[in-house]
$ cat start-v9.txt   # compact mmCIF, C-alpha atoms
# COMPACT_ATOMS: atom_id res chain seq x y z
CA MET Z 1 0.00 0.00 0.00
CA SER Z 2 1.34 3.38 -0.98
CA LEU Z 3 1.99 6.23 1.48
CA ARG Z 4 -0.81 8.34 0.01
CA ALA Z 5 -3.29 5.54 0.51
CA LYS Z 6 -2.17 5.03 4.10
CA ILE Z 7 -2.62 8.75 4.85
CA ARG Z 8 -6.05 8.75 3.22
CA ASN Z 9 -7.15 5.70 5.24
CA TRP Z 10 -5.78 7.32 8.43
CA LEU Z 11 -7.72 10.50 7.78
CA THR Z 12 -10.97 8.79 6.84
CA GLU Z 13 -10.83 6.05 9.45
CA LYS Z 14 -13.75 6.53 11.82
CA PHE Z 15 -13.86 6.01 15.55
CA LEU Z 16 -16.94 5.51 17.69
CA ILE Z 17 -17.10 7.49 20.87
CA VAL Z 18 -19.69 6.17 23.32
CA ILE Z 19 -20.85 8.01 26.43
CA ARG Z 20 -22.11 5.72 29.28
CA LYS Z 21 -23.33 6.17 32.83
CA LYS Z 22 -20.84 5.21 35.52
CA GLN Z 23 -23.41 3.39 37.67
CA ASP Z 24 -24.90 0.89 35.18
CA PHE Z 25 -22.87 1.60 32.02
CA SER Z 26 -26.05 2.40 30.10
CA VAL Z 27 -25.43 4.26 26.83
CA LEU Z 28 -26.29 7.95 26.89
CA GLY Z 29 -25.06 8.73 23.39
CA SER Z 30 -22.45 8.08 20.77
CA PHE Z 31 -20.95 9.71 17.72
CA ASN Z 32 -18.43 8.98 15.04
CA VAL Z 33 -15.24 10.97 14.59
CA SER Z 34 -12.29 10.82 12.27
CA PHE Z 35 -8.91 12.56 12.20
CA SER Z 36 -9.97 14.62 9.20
CA ARG Z 37 -13.05 15.87 11.07
CA ILE Z 38 -10.95 16.68 14.15
CA ILE Z 39 -8.50 18.68 11.99
CA ILE Z 40 -11.33 20.59 10.29
CA MET Z 41 -13.04 21.39 13.60
CA GLY Z 42 -9.70 22.49 15.08
CA VAL Z 43 -8.99 24.83 12.15
CA LEU Z 44 -12.50 26.32 12.36
CA SER Z 45 -12.18 26.82 16.12
CA LEU Z 46 -8.83 28.56 15.77
CA SER Z 47 -10.24 30.76 12.98
CA VAL Z 48 -13.22 31.78 15.13
CA ILE Z 49 -10.99 32.48 18.15
CA PHE Z 50 -8.61 34.54 15.97
CA PHE Z 51 -11.47 36.58 14.51
CA ILE Z 52 -13.02 37.25 17.92
CA SER Z 53 -9.61 38.26 19.34
CA LEU Z 54 -9.01 40.58 16.40
CA VAL Z 55 -12.37 42.28 16.93
CA LEU Z 56 -11.74 42.68 20.67
CA THR Z 57 -8.27 44.20 20.17
CA ARG Z 58 -9.81 46.75 17.78
CA THR Z 59 -12.73 47.65 20.05
CA ILE Z 60 -13.05 46.84 23.76
CA LEU Z 61 -9.43 45.74 24.38
CA ARG Z 62 -7.88 48.27 22.04
CA GLN Z 63 -6.35 50.40 24.82
CA TRP Z 64 -4.36 47.38 26.06
CA PHE Z 65 -3.22 45.89 22.74
CA ASP Z 66 -2.97 48.79 20.26
CA PRO Z 67 -0.01 51.15 20.92
CA VAL Z 68 -1.30 53.59 18.28
CA TYR Z 69 -4.50 53.99 20.30
CA MET Z 70 -2.66 55.28 23.36
CA GLU Z 71 -0.56 57.61 21.25
CA THR Z 72 -3.69 59.00 19.60
CA GLU Z 73 -5.40 59.48 22.96
CA ASN Z 74 -2.37 61.26 24.43
CA THR Z 75 -2.13 63.51 21.37
CA ALA Z 76 -5.80 64.46 21.73
CA LYS Z 77 -5.30 65.28 25.41
CA ILE Z 78 -2.21 67.36 24.64
CA LEU Z 79 -4.14 69.34 22.00
CA MET Z 80 -7.02 69.92 24.44
CA LEU Z 81 -4.65 71.12 27.18
CA SER Z 82 -2.89 73.33 24.65
CA ASP Z 83 -6.19 74.99 23.75
CA ILE Z 84 -6.94 75.56 27.44
CA VAL Z 85 -3.49 77.09 28.01
CA ASP Z 86 -3.92 79.36 24.98
CA SER Z 87 -7.31 80.52 26.28
CA LEU Z 88 -5.86 81.25 29.72
CA SER Z 89 -2.94 83.07 28.13
CA VAL Z 90 -5.30 85.31 26.17
CA ALA Z 91 -7.37 86.00 29.30
CA VAL Z 92 -4.26 86.88 31.32
CA SER Z 93 -3.02 89.18 28.54
CA GLN Z 94 -6.37 90.97 28.45
CA LYS Z 95 -6.37 91.45 32.22
CA ASP Z 96 -2.75 92.59 32.05
CA ALA Z 97 -3.68 95.22 29.47
CA TYR Z 98 -6.72 96.32 31.48
CA LEU Z 99 -4.77 96.74 34.72
CA ALA Z 100 -1.87 98.48 32.96
CA ASN Z 101 -4.22 101.12 31.51
CA ILE Z 102 -5.97 101.62 34.86
CA GLN Z 103 -2.58 102.04 36.56
CA GLY Z 104 -1.58 104.59 33.93
CA ILE Z 105 -4.71 106.66 34.52
CA ILE Z 106 -4.43 106.33 38.29
CA SER Z 107 -0.78 107.39 38.36
CA GLY Z 108 -1.66 110.58 36.48
CA ASN Z 109 0.32 109.66 33.35
CA GLY Z 110 -2.68 108.94 31.15
CA VAL Z 111 -1.70 105.88 29.15
CA LEU Z 112 1.34 103.98 30.30
CA ASP Z 113 4.30 103.45 28.05
CA LYS Z 114 7.61 101.72 28.54
CA GLY Z 115 9.63 104.94 28.89
CA VAL Z 116 7.48 106.25 31.73
CA LEU Z 117 7.86 102.97 33.58
CA GLU Z 118 11.63 102.99 33.23
CA ASP Z 119 11.87 106.65 34.38
CA SER Z 120 9.75 106.05 37.44
CA SER Z 121 11.71 102.92 38.32
CA ALA Z 122 15.07 104.68 37.97
CA ASN Z 123 14.04 107.70 40.12
CA LYS Z 124 12.17 105.98 42.96
CA PRO Z 125 13.47 106.71 46.48
CA ASP Z 126 14.75 104.06 48.88
CA SER Z 127 12.47 103.11 51.76
CA GLY Z 128 12.81 100.43 54.40
CA ASN Z 129 9.05 99.98 54.70
CA SER Z 130 7.94 99.80 51.07
CA LYS Z 131 9.51 99.02 47.73
CA ALA Z 132 8.33 100.36 44.38
CA ALA Z 133 6.91 97.81 42.00
CA ASP Z 134 8.74 97.30 38.73
CA PHE Z 135 6.08 97.00 36.03
CA ARG Z 136 7.04 95.24 32.79
CA PRO Z 137 4.07 95.35 30.38
CA SER Z 138 3.74 92.44 27.97
CA LYS Z 139 3.76 92.73 24.17
CA ALA Z 140 -0.04 92.46 24.16
CA THR Z 141 -0.27 95.32 26.65
CA LEU Z 142 2.12 97.53 24.65
CA SER Z 143 0.15 96.94 21.44
CA ILE Z 144 -3.07 98.02 23.16
CA LEU Z 145 -1.35 101.06 24.66
CA ASP Z 146 -0.09 102.10 21.23
CA GLU Z 147 -3.65 101.90 19.93
CA PHE Z 148 -4.96 104.14 22.72
CA LYS Z 149 -2.17 106.71 22.34
CA SER Z 150 -3.85 108.16 19.26
CA THR Z 151 -7.10 108.76 21.18
CA PRO Z 152 -6.82 111.51 23.83
CA VAL Z 153 -8.73 110.92 27.04
CA GLU Z 154 -11.53 113.44 27.45
CA TYR Z 155 -11.96 114.69 31.03
CA SER Z 156 -13.67 118.01 30.34
CA ASN Z 157 -17.13 116.48 30.90
CA PRO Z 158 -16.90 114.02 33.79
CA MET Z 159 -19.77 111.60 34.22
CA GLU Z 160 -22.58 113.05 36.28
CA ILE Z 161 -23.96 110.73 38.93
CA SER Z 162 -26.94 111.46 41.06
CA GLY Z 163 -26.75 110.96 44.78
CA ASN Z 164 -29.22 108.07 44.44
CA SER Z 165 -26.53 105.93 42.75
CA PHE Z 166 -24.75 105.52 46.11
CA ALA Z 167 -27.65 106.42 48.35
CA GLU Z 168 -27.36 103.20 50.35
CA ALA Z 169 -23.56 103.33 50.57
CA PHE Z 170 -21.69 104.78 53.53
CA PHE Z 171 -18.16 106.00 52.83
CA PHE Z 172 -15.56 106.38 55.56
CA THR Z 173 -13.59 109.61 55.52
CA PRO Z 174 -10.07 108.68 54.34
CA ILE Z 175 -8.51 111.41 56.51
CA LYS Z 176 -9.74 114.40 58.56
CA GLY Z 177 -8.16 117.73 57.70
CA VAL Z 178 -8.31 121.00 55.80
CA LEU Z 179 -9.37 120.95 52.15
CA THR Z 180 -6.79 122.96 50.19
CA ALA Z 181 -7.74 122.07 46.60
CA VAL Z 182 -11.13 121.10 45.22
CA PHE Z 183 -12.26 118.91 42.35
CA ALA Z 184 -11.44 120.74 39.08
CA PRO Z 185 -11.32 118.39 36.07
CA GLN Z 186 -11.05 121.32 33.65
CA GLU Z 187 -7.65 122.01 35.25
CA ASP Z 188 -6.65 118.31 35.22
CA HIS Z 189 -7.22 118.05 38.96
CA PHE Z 190 -9.48 115.01 39.32
CA GLY Z 191 -9.69 114.87 43.09
CA VAL Z 192 -9.30 116.86 46.28
CA ASP Z 193 -6.26 117.70 48.44
CA ILE Z 194 -6.52 117.33 52.22
CA VAL Z 195 -3.86 118.65 54.61
CA ALA Z 196 -3.62 116.83 57.95
CA LYS Z 197 -1.19 116.26 60.82
CA GLU Z 198 2.13 114.51 60.20
CA ASN Z 199 2.01 110.70 60.19
CA GLU Z 200 -1.80 110.76 60.13
CA PRO Z 201 -3.18 107.34 58.98
CA VAL Z 202 -5.17 107.11 55.74
CA LYS Z 203 -8.21 104.81 55.78
CA ALA Z 204 -10.13 102.95 53.08
CA ILE Z 205 -13.46 104.55 52.28
CA ALA Z 206 -15.20 101.18 51.72
CA ASP Z 207 -14.60 97.45 51.34
CA GLY Z 208 -12.54 96.51 48.29
CA THR Z 209 -9.41 94.98 46.78
CA VAL Z 210 -6.09 96.75 46.32
CA ILE Z 211 -5.32 96.94 42.58
CA LEU Z 212 -2.32 99.30 42.72
CA ALA Z 213 0.34 99.86 45.39
CA SER Z 214 3.36 101.51 43.82
CA TRP Z 215 5.54 104.60 43.45
CA THR Z 216 5.56 107.10 40.59
CA LEU Z 217 7.76 110.08 39.88
CA ASP Z 218 4.89 112.59 39.93
CA THR Z 219 2.62 111.28 42.69
CA GLY Z 220 5.04 109.39 44.95
CA TYR Z 221 3.59 106.45 46.83
CA ILE Z 222 0.15 105.72 45.40
CA LEU Z 223 -2.51 103.20 46.36
CA SER Z 224 -5.78 102.35 44.60
CA ILE Z 225 -8.72 100.21 45.70
CA GLN Z 226 -11.37 98.58 43.52
CA HIS Z 227 -14.79 98.70 45.22
CA SER Z 228 -18.14 97.27 44.20
CA ASN Z 229 -20.32 98.91 41.53
CA GLU Z 230 -17.21 99.69 39.40
CA LEU Z 231 -16.05 102.37 41.86
CA ILE Z 232 -12.31 103.02 42.36
CA SER Z 233 -10.71 105.15 45.07
CA ILE Z 234 -7.15 106.54 44.73
CA TYR Z 235 -4.79 107.78 47.44
CA LYS Z 236 -1.63 109.71 46.37
CA HIS Z 237 1.50 111.29 47.91
CA ASN Z 238 1.64 108.80 50.81
CA SER Z 239 4.80 108.43 52.86
CA VAL Z 240 4.23 104.70 53.53
CA ILE Z 241 1.97 102.12 51.88
CA LEU Z 242 0.68 99.44 54.26
CA LYS Z 243 -1.12 97.19 51.76
CA LYS Z 244 -0.08 95.08 48.77
CA VAL Z 245 -1.77 94.45 45.43
CA GLY Z 246 -4.44 91.76 45.77
CA GLU Z 247 -5.13 92.34 49.47
CA ILE Z 248 -8.74 92.72 50.57
CA VAL Z 249 -9.38 95.75 52.77
CA ARG Z 250 -12.34 96.68 54.92
CA ALA Z 251 -14.07 100.04 55.23
CA GLY Z 252 -12.20 102.22 57.72
CA GLU Z 253 -9.07 100.04 57.68
CA ILE Z 254 -5.73 101.89 57.71
CA ILE Z 255 -4.03 101.48 54.34
CA SER Z 256 -1.25 104.12 54.30
CA ILE Z 257 0.32 107.12 56.04
CA ILE Z 258 -0.04 110.70 54.80
CA GLY Z 259 3.10 112.08 53.18
CA ASN Z 260 4.77 114.49 50.81
CA THR Z 261 6.20 112.20 48.12
CA GLY Z 262 6.38 112.83 44.38
CA GLU Z 263 7.28 115.86 42.31
CA LEU Z 264 3.69 117.13 42.00
CA THR Z 265 3.32 118.05 45.66
CA THR Z 266 3.57 121.33 47.57
CA GLY Z 267 3.62 119.91 51.09
CA GLN Z 268 2.32 117.15 53.27
CA HIS Z 269 -1.18 116.24 52.15
CA LEU Z 270 -3.39 113.49 50.70
CA HIS Z 271 -4.61 113.72 47.12
CA PHE Z 272 -7.84 111.68 46.98
CA GLU Z 273 -9.78 110.69 43.86
CA LEU Z 274 -12.99 108.79 43.09
CA TRP Z 275 -13.58 107.16 39.70
CA TYR Z 276 -16.82 105.56 38.52
CA LYS Z 277 -16.82 103.52 35.28
CA GLY Z 278 -13.71 105.34 34.07
CA SER Z 279 -14.94 108.88 34.87
CA PRO Z 280 -13.86 111.06 37.81
CA LEU Z 281 -16.32 112.04 40.55
CA ASN Z 282 -16.29 114.96 42.95
CA PRO Z 283 -15.42 113.35 46.31
CA GLN Z 284 -17.07 116.22 48.22
CA GLU Z 285 -20.47 115.06 46.97
CA PHE Z 286 -20.09 111.78 48.87
CA ILE Z 287 -17.58 112.34 51.72
CA THR Z 288 -17.08 115.00 54.40
CA PHE Z 289 -13.40 115.71 55.12
CA ASP Z 290 -13.56 118.24 57.99

$ encode --input "start-v9.txt" --output "structure tokens"
Amino acid sequence: MSLRAKIRNWLTEKFLIVIRKKQDFSVLGSFNVSFSRIIIMGVLSLSVIFFISLVLTRTILRQWFDPVYMETENTAKILMLSDIVDSLSVAVSQKDAYLANIQGIISGNGVLDKGVLEDSSANKPDSGNSKAADFRPSKATLSILDEFKSTPVEYSNPMEISGNSFAEAFFFTPIKGVLTAVFAPQEDHFGVDIVAKENEPVKAIADGTVILASWTLDTGYILSIQHSNELISIYKHNSVILKKVGEIVRAGEIISIIGNTGELTTGQHLHFELWYKGSPLNPQEFITFD
């Protein structure tokens, strides 16, 4: 008998498998099998298992078996975080520009520019109690400042506010003294000057947050507080500043000491200003200083 015939007989030879009970050896069932059938069933089983495994590795088990999946997921997360960082960067730049312009108006220089900042930093006096802040505006801030330079700020017609706007508000007197200069916006004097005793403490007129605590060449040590209802109070020519930017102050809390700092001063006094929505107010309409 040839080898091919022997292989064919081996593959087609059938075997009877009988299933019996252990107790009485009664026949429960039987079936015929052959090596060819076993091989076919084995190949089909392996094919089914391979197909199911392939589907699982592409769907449910993909994160454990597909390295490209993890790389794609990490890339998506990186892009999402990058978008968040960009959004925060834009928001910070906008706030930086907003604060820089407010500080420029408060310091009496109109719109800030880099030269003014460098001059004020180079000419600030030494003090053991307070150090002048060194402002470095960002590129976004400088671009916005350049845009505003071409538009002069109009102060000739300050915003008129009726007493009812702050009817329910009670303002502390920042300092008791003699009023030596009144509110005169037509003469670029946007507040009042109060002369008081030496080393007299200056108090916050209402609750708020310090948004500026610095030194300028013209106004010396200056402090500004942001209150509710878009109201800002400004205190200039101090000898000592007792608060830092970002600190929360309460109404009547001591924030500085009266002084005679800055070039635009004729003696020891407090220059006090009130600004509402970007326009100066007459402090005498809301506060009594004597």

$ closest_residue --input "start-v9.txt" --among "Z:Trp10, Z:Phe170, Z:Tyr235, Z:Phe190" --to "Tyr276 of chain Z" --atoms "only C-alpha atoms"
Z:Phe190

$ atom_distance --input "start-v9.txt" --atom1 "atom CA of Val249 of chain Z" --atom2 "atom CA of His227 of chain Z"
9.7 Å

$ atom_distance --input "start-v9.txt" --atom1 "atom CA of Asn101 of chain Z" --atom2 "atom CA of Asp218 of chain Z"
16.9 Å

$ atom_distance --input "start-v9.txt" --atom1 "atom CA of Ile225 of chain Z" --atom2 "atom CA of Ile257 of chain Z"
15.4 Å

$ closest_residue --input "start-v9.txt" --among "Z:Gln186, Z:Ser53, Z:Ser214, Z:Thr12" --to "Arg37 of chain Z" --atoms "all atoms listed in the file"
Z:Thr12

$ closest_residue --input "start-v9.txt" --among "Z:Val182, Z:Ile211, Z:Ile175, Z:Val240" --to "Thr261 of chain Z" --atoms "only C-alpha atoms"
Z:Val240

$ closest_residue --input "start-v9.txt" --among "Z:Asn74, Z:Ser93, Z:Gln103, Z:Thr288" --to "Ser224 of chain Z" --atoms "only C-alpha atoms"
Z:Gln103

$ build_atoms --input "start-v9.txt" --residues "segment 204-218 of chain Z" --atoms "N, CA, C and O atoms" --output "compact mmCIF listing (two decimals), keeping the file's coordinate frame"
# COMPACT_ATOMS: atom_id res chain seq x y z
N ALA Z 204 -9.33 103.32 54.25
CA ALA Z 204 -10.13 102.95 53.08
C ALA Z 204 -11.55 103.45 53.24
O ALA Z 204 -12.14 103.34 54.32
N ILE Z 205 -12.12 103.98 52.17
CA ILE Z 205 -13.46 104.55 52.28
C ILE Z 205 -14.54 103.46 52.29
O ILE Z 205 -15.65 103.69 52.76
N ALA Z 206 -14.22 102.26 51.78
CA ALA Z 206 -15.20 101.18 51.72
C ALA Z 206 -14.45 99.86 51.51
O ALA Z 206 -13.24 99.84 51.28
N ASP Z 207 -15.19 98.75 51.60
CA ASP Z 207 -14.60 97.45 51.34
C ASP Z 207 -14.12 97.38 49.90
O ASP Z 207 -14.74 97.96 48.99
N GLY Z 208 -13.02 96.65 49.66
CA GLY Z 208 -12.54 96.51 48.29
C GLY Z 208 -11.26 95.71 48.22
O GLY Z 208 -10.81 95.13 49.21
N THR Z 209 -10.66 95.70 47.04
CA THR Z 209 -9.41 94.98 46.78
C THR Z 209 -8.37 95.95 46.24
O THR Z 209 -8.67 96.74 45.34
N VAL Z 210 -7.17 95.87 46.77
CA VAL Z 210 -6.09 96.75 46.32
C VAL Z 210 -5.65 96.32 44.91
O VAL Z 210 -5.29 95.18 44.69
N ILE Z 211 -5.71 97.24 43.96
CA ILE Z 211 -5.32 96.94 42.58
C ILE Z 211 -4.03 97.66 42.18
O ILE Z 211 -3.47 97.38 41.12
N LEU Z 212 -3.57 98.59 43.01
CA LEU Z 212 -2.32 99.30 42.72
C LEU Z 212 -1.70 99.75 44.04
O LEU Z 212 -2.36 100.38 44.86
N ALA Z 213 -0.43 99.41 44.22
CA ALA Z 213 0.34 99.86 45.39
C ALA Z 213 1.76 100.05 44.89
O ALA Z 213 2.54 99.11 44.85
N SER Z 214 2.10 101.30 44.52
CA SER Z 214 3.36 101.51 43.82
C SER Z 214 3.90 102.91 44.12
O SER Z 214 3.40 103.61 45.01
N TRP Z 215 4.92 103.27 43.33
CA TRP Z 215 5.54 104.60 43.45
C TRP Z 215 5.72 105.16 42.05
O TRP Z 215 6.15 104.46 41.13
N THR Z 216 5.36 106.43 41.87
CA THR Z 216 5.56 107.10 40.59
C THR Z 216 6.32 108.39 40.82
O THR Z 216 6.31 108.95 41.93
N LEU Z 217 6.94 108.87 39.77
CA LEU Z 217 7.76 110.08 39.88
C LEU Z 217 6.92 111.29 40.25
O LEU Z 217 7.34 112.13 41.05
N ASP Z 218 5.71 111.40 39.70
CA ASP Z 218 4.89 112.59 39.93
C ASP Z 218 4.12 112.53 41.23
O ASP Z 218 4.01 113.54 41.95
